[in-house]
file structure-v6.json (JSON, C-alpha atoms)
[["chain", "number", "residue", "atom", "x", "y", "z"],
["G", 973, "MET", "CA", -13.93, 32.30, 18.67],
["G", 974, "SER", "CA", -12.44, 29.38, 20.56],
["G", 975, "ASP", "CA", -9.28, 27.50, 19.62],
["G", 976, "ALA", "CA", -11.48, 24.50, 18.79],
["G", 977, "HIS", "CA", -12.20, 26.21, 15.46],
["G", 978, "ALA", "CA", -8.59, 26.89, 14.52],
["G", 979, "PRO", "CA", -7.29, 23.70, 12.88],
["G", 980, "GLU", "CA", -3.55, 23.66, 12.36],
["G", 981, "ASP", "CA", -3.81, 23.37, 8.57],
["G", 982, "ALA", "CA", -6.18, 26.32, 8.19],
["G", 983, "PRO", "CA", -4.64, 29.37, 6.48],
["G", 984, "ASP", "CA", -4.49, 32.58, 8.47],
["G", 985, "GLY", "CA", -7.68, 34.61, 8.21],
["G", 986, "ALA", "CA", -9.52, 31.87, 6.30],
["G", 987, "LEU", "CA", -11.90, 30.81, 9.08],
["G", 988, "PRO", "CA", -15.58, 31.38, 8.30],
["G", 989, "ASP", "CA", -17.48, 33.96, 10.33],
["G", 990, "ASP", "CA", -20.03, 33.07, 13.01],
["G", 991, "VAL", "CA", -19.13, 29.40, 13.40],
["G", 992, "PRO", "CA", -20.83, 28.19, 16.60],
["G", 993, "ASP", "CA", -19.19, 26.20, 19.37],
["G", 994, "TRP", "CA", -20.45, 22.92, 20.78],
["G", 995, "ASP", "CA", -20.06, 21.74, 24.38],
["G", 996, "ASP", "CA", -19.63, 18.28, 22.86],
["G", 997, "GLU", "CA", -15.93, 17.94, 21.97],
["G", 998, "TYR", "CA", -16.59, 15.37, 19.25],
["G", 999, "LEU", "CA", -19.19, 17.50, 17.45],
["G", 1000, "ASP", "CA", -17.00, 20.56, 17.87],
["G", 1001, "ARG", "CA", -14.15, 18.80, 16.08],
["G", 1002, "VAL", "CA", -16.55, 17.57, 13.39],
["G", 1003, "SER", "CA", -17.64, 21.16, 12.82],
["G", 1004, "ASP", "CA", -13.99, 22.03, 12.11],
["G", 1005, "ARG", "CA", -14.23, 19.75, 9.09],
["G", 1006, "LEU", "CA", -17.67, 20.90, 7.96],
["G", 1007, "MET", "CA", -17.47, 24.67, 8.46],
["G", 1008, "TYR", "CA", -15.81, 25.41, 5.10],
["G", 1009, "SER", "CA", -18.67, 23.77, 3.18],
["G", 1010, "PHE", "CA", -21.73, 24.03, 5.44],
["G", 1011, "ASP", "CA", -23.52, 26.87, 7.15],
["G", 1012, "LEU", "CA", -23.77, 25.42, 10.65],
["G", 1013, "GLU", "CA", -26.18, 25.95, 13.54],
["G", 1014, "ASN", "CA", -25.89, 24.75, 17.14],
["G", 1015, "GLY", "CA", -29.26, 23.38, 18.14],
["G", 1016, "TYR", "CA", -32.09, 22.88, 15.66],
["G", 1017, "ARG", "CA", -35.61, 21.57, 16.01],
["G", 1018, "VAL", "CA", -37.81, 20.45, 13.14],
["G", 1019, "GLY", "CA", -40.73, 18.05, 12.78],
["G", 1020, "GLY", "CA", -40.77, 17.34, 16.52],
["G", 1021, "GLU", "CA", -37.13, 16.18, 16.47],
["G", 1022, "GLN", "CA", -34.25, 17.94, 18.25],
["G", 1023, "PHE", "CA", -30.73, 17.98, 16.78],
["G", 1024, "ASP", "CA", -27.45, 19.19, 18.24],
["G", 1025, "MET", "CA", -26.12, 20.27, 14.85],
["G", 1026, "TYR", "CA", -27.70, 21.44, 11.62],
["G", 1027, "GLY", "CA", -25.84, 22.34, 8.46],
["G", 1028, "GLN", "CA", -26.79, 23.36, 4.94],
["G", 1029, "VAL", "CA", -24.79, 23.63, 1.76],
["G", 1030, "ARG", "CA", -26.14, 25.06, -1.49],
["G", 1031, "VAL", "CA", -24.51, 24.75, -4.91],
["G", 1032, "GLU", "CA", -25.71, 26.62, -7.98],
["G", 1033, "ASN", "CA", -24.70, 26.22, -11.61],
["G", 1034, "ARG", "CA", -25.51, 29.12, -13.93],
["G", 1035, "LYS", "CA", -24.39, 29.65, -17.51],
["G", 1036, "GLN", "CA", -24.51, 33.14, -18.93],
["G", 1037, "LEU", "CA", -24.33, 34.95, -22.27],
["G", 1038, "PHE", "CA", -22.26, 38.15, -22.20],
["G", 1039, "HIS", "CA", -23.97, 39.42, -19.02],
["G", 1040, "PRO", "CA", -25.13, 37.78, -15.74],
["G", 1041, "SER", "CA", -28.72, 38.82, -16.46],
["G", 1042, "LEU", "CA", -28.68, 36.70, -19.62],
["G", 1043, "ASN", "CA", -28.38, 33.28, -18.03],
["G", 1044, "TYR", "CA", -29.69, 29.81, -18.81],
["G", 1045, "ALA", "CA", -29.36, 26.17, -17.76],
["G", 1046, "ASN", "CA", -29.64, 27.10, -14.09],
["G", 1047, "HIS", "CA", -29.46, 24.17, -11.67],
["G", 1048, "GLU", "CA", -29.30, 23.90, -7.92],
["G", 1049, "ALA", "CA", -28.21, 21.23, -5.45],
["G", 1050, "ARG", "CA", -28.52, 21.30, -1.66],
["G", 1051, "GLU", "CA", -27.65, 19.14, 1.30],
["G", 1052, "HIS", "CA", -29.25, 19.36, 4.72],
["G", 1053, "LEU", "CA", -27.28, 17.74, 7.54],
["G", 1054, "PHE", "CA", -28.81, 16.88, 10.93],
["G", 1055, "ALA", "CA", -26.73, 15.38, 13.75],
["G", 1056, "ARG", "CA", -27.41, 14.54, 17.37],
["G", 1057, "ARG", "CA", -25.93, 12.52, 20.20],
["G", 1058, "THR", "CA", -28.03, 9.93, 22.01],
["G", 1059, "ASP", "CA", -27.49, 7.18, 24.58],
["G", 1060, "ARG", "CA", -28.79, 4.44, 22.29],
["G", 1061, "VAL", "CA", -30.11, 4.10, 18.77],
["G", 1062, "THR", "CA", -32.58, 1.61, 17.30],
["G", 1063, "VAL", "CA", -33.81, 0.79, 13.83],
["G", 1064, "ALA", "CA", -37.14, 2.39, 14.77],
["G", 1065, "ASP", "CA", -35.31, 5.63, 15.58],
["G", 1066, "LEU", "CA", -33.71, 5.63, 12.14],
["G", 1067, "GLU", "CA", -36.97, 4.82, 10.38],
["G", 1068, "ARG", "CA", -38.53, 7.84, 12.09],
["G", 1069, "LEU", "CA", -35.72, 10.03, 10.76],
["G", 1070, "VAL", "CA", -36.25, 8.67, 7.26],
["G", 1071, "GLU", "CA", -39.91, 9.63, 7.48],
["G", 1072, "LEU", "CA", -38.85, 13.10, 8.61],
["G", 1073, "GLY", "CA", -36.61, 13.35, 5.56],
["G", 1074, "HIS", "CA", -39.54, 12.65, 3.26],
["G", 1075, "ASP", "CA", -41.71, 15.16, 5.11],
["G", 1076, "LEU", "CA", -39.02, 17.84, 4.76],
["G", 1077, "ALA", "CA", -38.63, 17.03, 1.06],
["G", 1078, "ASP", "CA", -42.34, 17.75, 0.58],
["G", 1079, "GLU", "CA", -42.05, 21.04, 2.48],
["G", 1080, "TRP", "CA", -38.63, 22.37, 1.47],
["G", 1081, "ILE", "CA", -38.05, 21.36, -2.14],
["G", 1082, "THR", "CA", -39.32, 23.54, -4.95],
["G", 1083, "ALA", "CA", -39.78, 20.90, -7.62],
["G", 1084, "ASP", "CA", -39.07, 22.56, -10.96],
["G", 1085, "GLU", "CA", -36.63, 22.39, -13.87],
["G", 1086, "GLU", "CA", -33.92, 24.18, -11.89],
["G", 1087, "HIS", "CA", -33.87, 21.65, -9.07],
["G", 1088, "PHE", "CA", -31.13, 19.08, -9.56],
["G", 1089, "GLU", "CA", -30.65, 17.30, -6.23],
["G", 1090, "THR", "CA", -31.38, 17.64, -2.52],
["G", 1091, "GLU", "CA", -29.89, 15.40, 0.15],
["G", 1092, "PHE", "CA", -31.12, 14.94, 3.71],
["G", 1093, "THR", "CA", -28.39, 13.37, 5.84],
["G", 1094, "PHE", "CA", -29.16, 12.26, 9.40],
["G", 1095, "VAL", "CA", -26.28, 11.44, 11.75],
["G", 1096, "VAL", "CA", -26.76, 9.75, 15.12],
["G", 1097, "VAL", "CA", -23.81, 9.67, 17.53],
["G", 1098, "ALA", "CA", -24.24, 6.84, 20.02],
["G", 1099, "SER", "CA", -22.20, 4.90, 22.57],
["G", 1100, "GLU", "CA", -22.72, 1.66, 20.65],
["G", 1101, "ILE", "CA", -23.91, 0.46, 17.24],
["G", 1102, "PRO", "CA", -26.16, -2.60, 17.56],
["G", 1103, "ASP", "CA", -25.88, -5.23, 14.85],
["G", 1104, "SER", "CA", -29.46, -4.57, 13.72],
["G", 1105, "VAL", "CA", -28.66, -0.88, 13.25],
["G", 1106, "ARG", "CA", -25.45, -1.64, 11.39],
["G", 1107, "GLU", "CA", -27.24, -3.97, 9.00],
["G", 1108, "PHE", "CA", -30.08, -1.51, 8.43],
["G", 1109, "VAL", "CA", -27.80, 1.44, 7.66],
["G", 1110, "ASP", "CA", -25.28, -0.52, 5.61],
["G", 1111, "GLY", "CA", -27.99, -1.72, 3.22],
["G", 1112, "PHE", "CA", -29.99, 1.50, 3.20],
["G", 1113, "ARG", "CA", -30.65, 3.63, 0.13],
["G", 1114, "ASP", "CA", -33.63, 5.91, -0.39],
["G", 1115, "ARG", "CA", -33.66, 8.03, -3.56],
["G", 1116, "THR", "CA", -36.81, 9.60, -4.99],
["G", 1117, "LEU", "CA", -37.16, 10.99, -8.51],
["G", 1118, "LEU", "CA", -39.35, 14.05, -8.87],
["G", 1119, "LYS", "CA", -41.63, 13.90, -11.91],
["G", 1120, "PHE", "CA", -39.66, 10.93, -13.27],
["G", 1121, "GLY", "CA", -36.43, 12.90, -12.81],
["G", 1122, "PHE", "CA", -37.44, 15.96, -14.84],
["G", 1123, "PHE", "CA", -37.48, 17.96, -11.58],
["G", 1124, "GLY", "CA", -34.38, 16.30, -10.19],
["G", 1125, "ARG", "CA", -34.27, 13.99, -7.20],
["G", 1126, "TYR", "CA", -33.81, 13.84, -3.48],
["G", 1127, "GLU", "CA", -32.13, 11.31, -1.25],
["G", 1128, "VAL", "CA", -32.22, 10.43, 2.44],
["G", 1129, "ASN", "CA", -28.89, 9.31, 3.94],
["G", 1130, "LEU", "CA", -28.11, 7.75, 7.33],
["G", 1131, "VAL", "CA", -24.95, 7.72, 9.45],
["G", 1132, "VAL", "CA", -24.40, 6.19, 12.89],
["G", 1133, "ALA", "CA", -21.11, 6.92, 14.64],
["G", 1134, "ASN", "CA", -19.50, 5.58, 17.80],
["G", 1135, "PRO", "CA", -16.45, 7.83, 18.23],
["G", 1136, "GLU", "CA", -15.30, 6.17, 21.46],
["G", 1137, "ASP", "CA", -14.74, 2.88, 19.64],
["G", 1138, "GLU", "CA", -13.87, 4.57, 16.33],
["G", 1139, "ARG", "CA", -16.70, 2.83, 14.52],
["G", 1140, "LEU", "CA", -19.08, 4.24, 11.95],
["G", 1141, "VAL", "CA", -21.62, 2.92, 9.49],
["G", 1142, "ALA", "CA", -23.11, 4.98, 6.69],
["G", 1143, "SER", "CA", -25.53, 4.47, 3.85],
["G", 1144, "ARG", "CA", -24.18, 4.37, 0.32],
["G", 1145, "ASN", "CA", -24.22, 8.06, -0.62],
["G", 1146, "ALA", "CA", -23.71, 9.66, 2.78],
["G", 1147, "ASP", "CA", -20.59, 11.61, 1.76],
["G", 1148, "ALA", "CA", -20.72, 13.79, 4.88],
["G", 1149, "ALA", "CA", -19.87, 10.69, 6.92],
["G", 1150, "ALA", "CA", -16.19, 11.36, 6.21],
["G", 1151, "ALA", "CA", -16.32, 14.42, 8.47],
["G", 1152, "PHE", "CA", -17.48, 12.25, 11.38],
["G", 1153, "ARG", "CA", -14.58, 9.79, 11.04],
["G", 1154, "LEU", "CA", -12.15, 11.87, 13.07],
["G", 1155, "TRP", "CA", -9.84, 8.89, 13.28],
["G", 1156, "ASP", "CA", -9.41, 8.86, 9.47],
["G", 1157, "ASP", "CA", -7.67, 11.22, 7.06],
["G", 1158, "VAL", "CA", -10.26, 13.03, 4.91],
["G", 1159, "SER", "CA", -7.81, 14.16, 2.21],
["G", 1160, "GLY", "CA", -8.54, 11.14, 0.05],
["G", 1161, "SER", "CA", -12.26, 10.87, 0.72],
["G", 1162, "ASP", "CA", -14.89, 10.27, -1.96],
["G", 1163, "PRO", "CA", -16.27, 13.25, -3.93],
["G", 1164, "GLY", "CA", -19.01, 15.15, -2.13],
["G", 1165, "LEU", "CA", -22.13, 16.95, -3.25],
["G", 1166, "PHE", "CA", -20.27, 19.76, -5.03],
["G", 1167, "GLN", "CA", -17.97, 17.48, -7.05],
["G", 1168, "ARG", "CA", -20.78, 15.12, -8.02],
["G", 1169, "PHE", "CA", -23.02, 18.04, -8.98],
["G", 1170, "VAL", "CA", -20.39, 19.59, -11.23],
["G", 1171, "ARG", "CA", -19.60, 16.28, -12.89],
["G", 1172, "ALA", "CA", -23.28, 15.57, -13.59],
["G", 1173, "ILE", "CA", -23.96, 19.04, -14.99],
["G", 1174, "TRP", "CA", -20.94, 19.18, -17.30],
["G", 1175, "ARG", "CA", -20.76, 15.62, -18.58]]
call {"tool": "encode", "arguments": {"input": "structure-v6.json", "output": "structure tokens"}}
result
Amino acid sequence: MSDAHAPEDAPDGALPDDVPDWDDEYLDRVSDRLMYSFDLENGYRVGGEQFDMYGQVRVENRKQLFHPSLNYANHEAREHLFARRTDRVTVADLERLVELGHDLADEWITADEEHFETEFTFVVVASEIPDSVREFVDGFRDRTLLKFGFFGRYEVNLVVANPEDERLVASRNADAAAAFRLWDDVSGSDPGLFQRFVRAIWR
């Protein structure tokens, strides 16, 4: 494993197994922030789209009576993260990714009483962020209730980052965007999928 996956604040022996390396220094450093929460893959193709990074996190809540086999109130939340670098990004590019998110929701989500939430977060790393893209992402929110919310919900999130100029724009609930702001401290970032899931289940 390369030194790129040995952040100074990581405790000895606490690094996850099988974390891939990226030739892209920026994405490699982003993976250092994500690898404790996400299962990461280098290179991923789905729905005719190619991504440099794919990550998945799954959170389960299960209450039990006396024994694990006697459980109830089971709920599950997931987030799928897709990131790629490109020379330029347009609103049309982002709209195509949103459509992909809806297609994946139809294919990947098992809509039942145990499903709580699934997020599809698409990150585009580009050399510039046009004003039209910034406006589109900043005002974007796409949440779908499944069977009026009885089978949970899913949401499509967008992030566009320009690391050279230390600029980033993200849609409202794109919590993973914090990992792509390498120029910011993440210690005080907003609660992510796990924290929001726990709060919703136990309130």
call {"tool": "residues_around", "arguments": {"input": "structure-v6.json", "residues": "Leu1117 of chain G", "least_positions_apart": "5", "cutoff": "9 Å", "atoms": "only C-alpha atoms", "output": "number ranges by chain"}}
result
G: 1122-1127
call {"tool": "residues_around", "arguments": {"input": "structure-v6.json", "residues": "Val1097 of chain G", "least_positions_apart": "3", "cutoff": "8 Å", "atoms": "all atoms listed in the file", "output": "list in words"}}
result
Ala1055, Arg1056, Arg1057, Thr1058, Val1132, Ala1133, Asn1134 and Pro1135 of chain G
call {"tool": "closest_residue", "arguments": {"input": "structure-v6.json", "among": "G:Ser1009, G:Gln1028, G:Thr1062, G:Ser1003", "to": "Glu1107 of chain G", "atoms": "all atoms listed in the file"}}
result
G:Thr1062
call {"tool": "closest_residue", "arguments": {"input": "structure-v6.json", "among": "G:Ala1148, G:Ala1098, G:Leu1012, G:Leu1053", "to": "Glu1136 of chain G", "atoms": "all atoms listed in the file"}}
result
G:Ala1098
call {"tool": "atom_distance", "arguments": {"input": "structure-v6.json", "atom1": "atom CA of Glu1079 of chain G", "atom2": "atom CA of Thr1093 of chain G"}}
result
16.0 Å
call {"tool": "residues_around", "arguments": {"input": "structure-v6.json", "residues": "Gln1022 of chain G", "least_positions_apart": "3", "cutoff": "12 Å", "atoms": "all atoms listed in the file", "output": "ChimeraX atom specification"}}
result
/G:1014-1019,1025-1026,1054-1058,1069,1072,1094,1096
call {"tool": "atom_distance", "arguments": {"input": "structure-v6.json", "atom1": "atom CA of Asp1147 of chain G", "atom2": "atom CA of Arg1050 of chain G"}}
result
13.0 Å
call {"tool": "residues_near_point", "arguments": {"input": "structure-v6.json", "point": "(-26.2, 0.8, 5.7)", "cutoff": "8 Å", "atoms": "all atoms listed in the file", "output": "PyMOL selection string"}}
result
chain G and resi 1106-1113+1130-1131+1141-1144
call {"tool": "closest_residue", "arguments": {"input": "structure-v6.json", "among": "G:Tyr998, G:Asp990, G:Asn1145, G:Arg1005", "to": "Asp1157 of chain G", "atoms": "all atoms listed in the file"}}
result
G:Arg1005
call {"tool": "closest_residue", "arguments": {"input": "structure-v6.json", "among": "G:Arg1060, G:Leu1006, G:Asp1114, G:Asp1065", "to": "Arg1153 of chain G", "atoms": "all atoms listed in the file"}}
result
G:Leu1006
call {"tool": "closest_residue", "arguments": {"input": "structure-v6.json", "among": "G:Ile1081, G:Gly1121, G:Phe1088, G:Asp996", "to": "Val1031 of chain G", "atoms": "only C-alpha atoms"}}
result
G:Phe1088
call {"tool": "atom_distance", "arguments": {"input": "structure-v6.json", "atom1": "atom CA of Val1105 of chain G", "atom2": "atom CA of Val1061 of chain G"}}
result
7.6 Å
call {"tool": "closest_residue", "arguments": {"input": "structure-v6.json", "among": "G:Arg1139, G:His1087, G:Glu1071, G:Arg1115", "to": "Ile1101 of chain G", "atoms": "all atoms listed in the file"}}
result
G:Arg1139
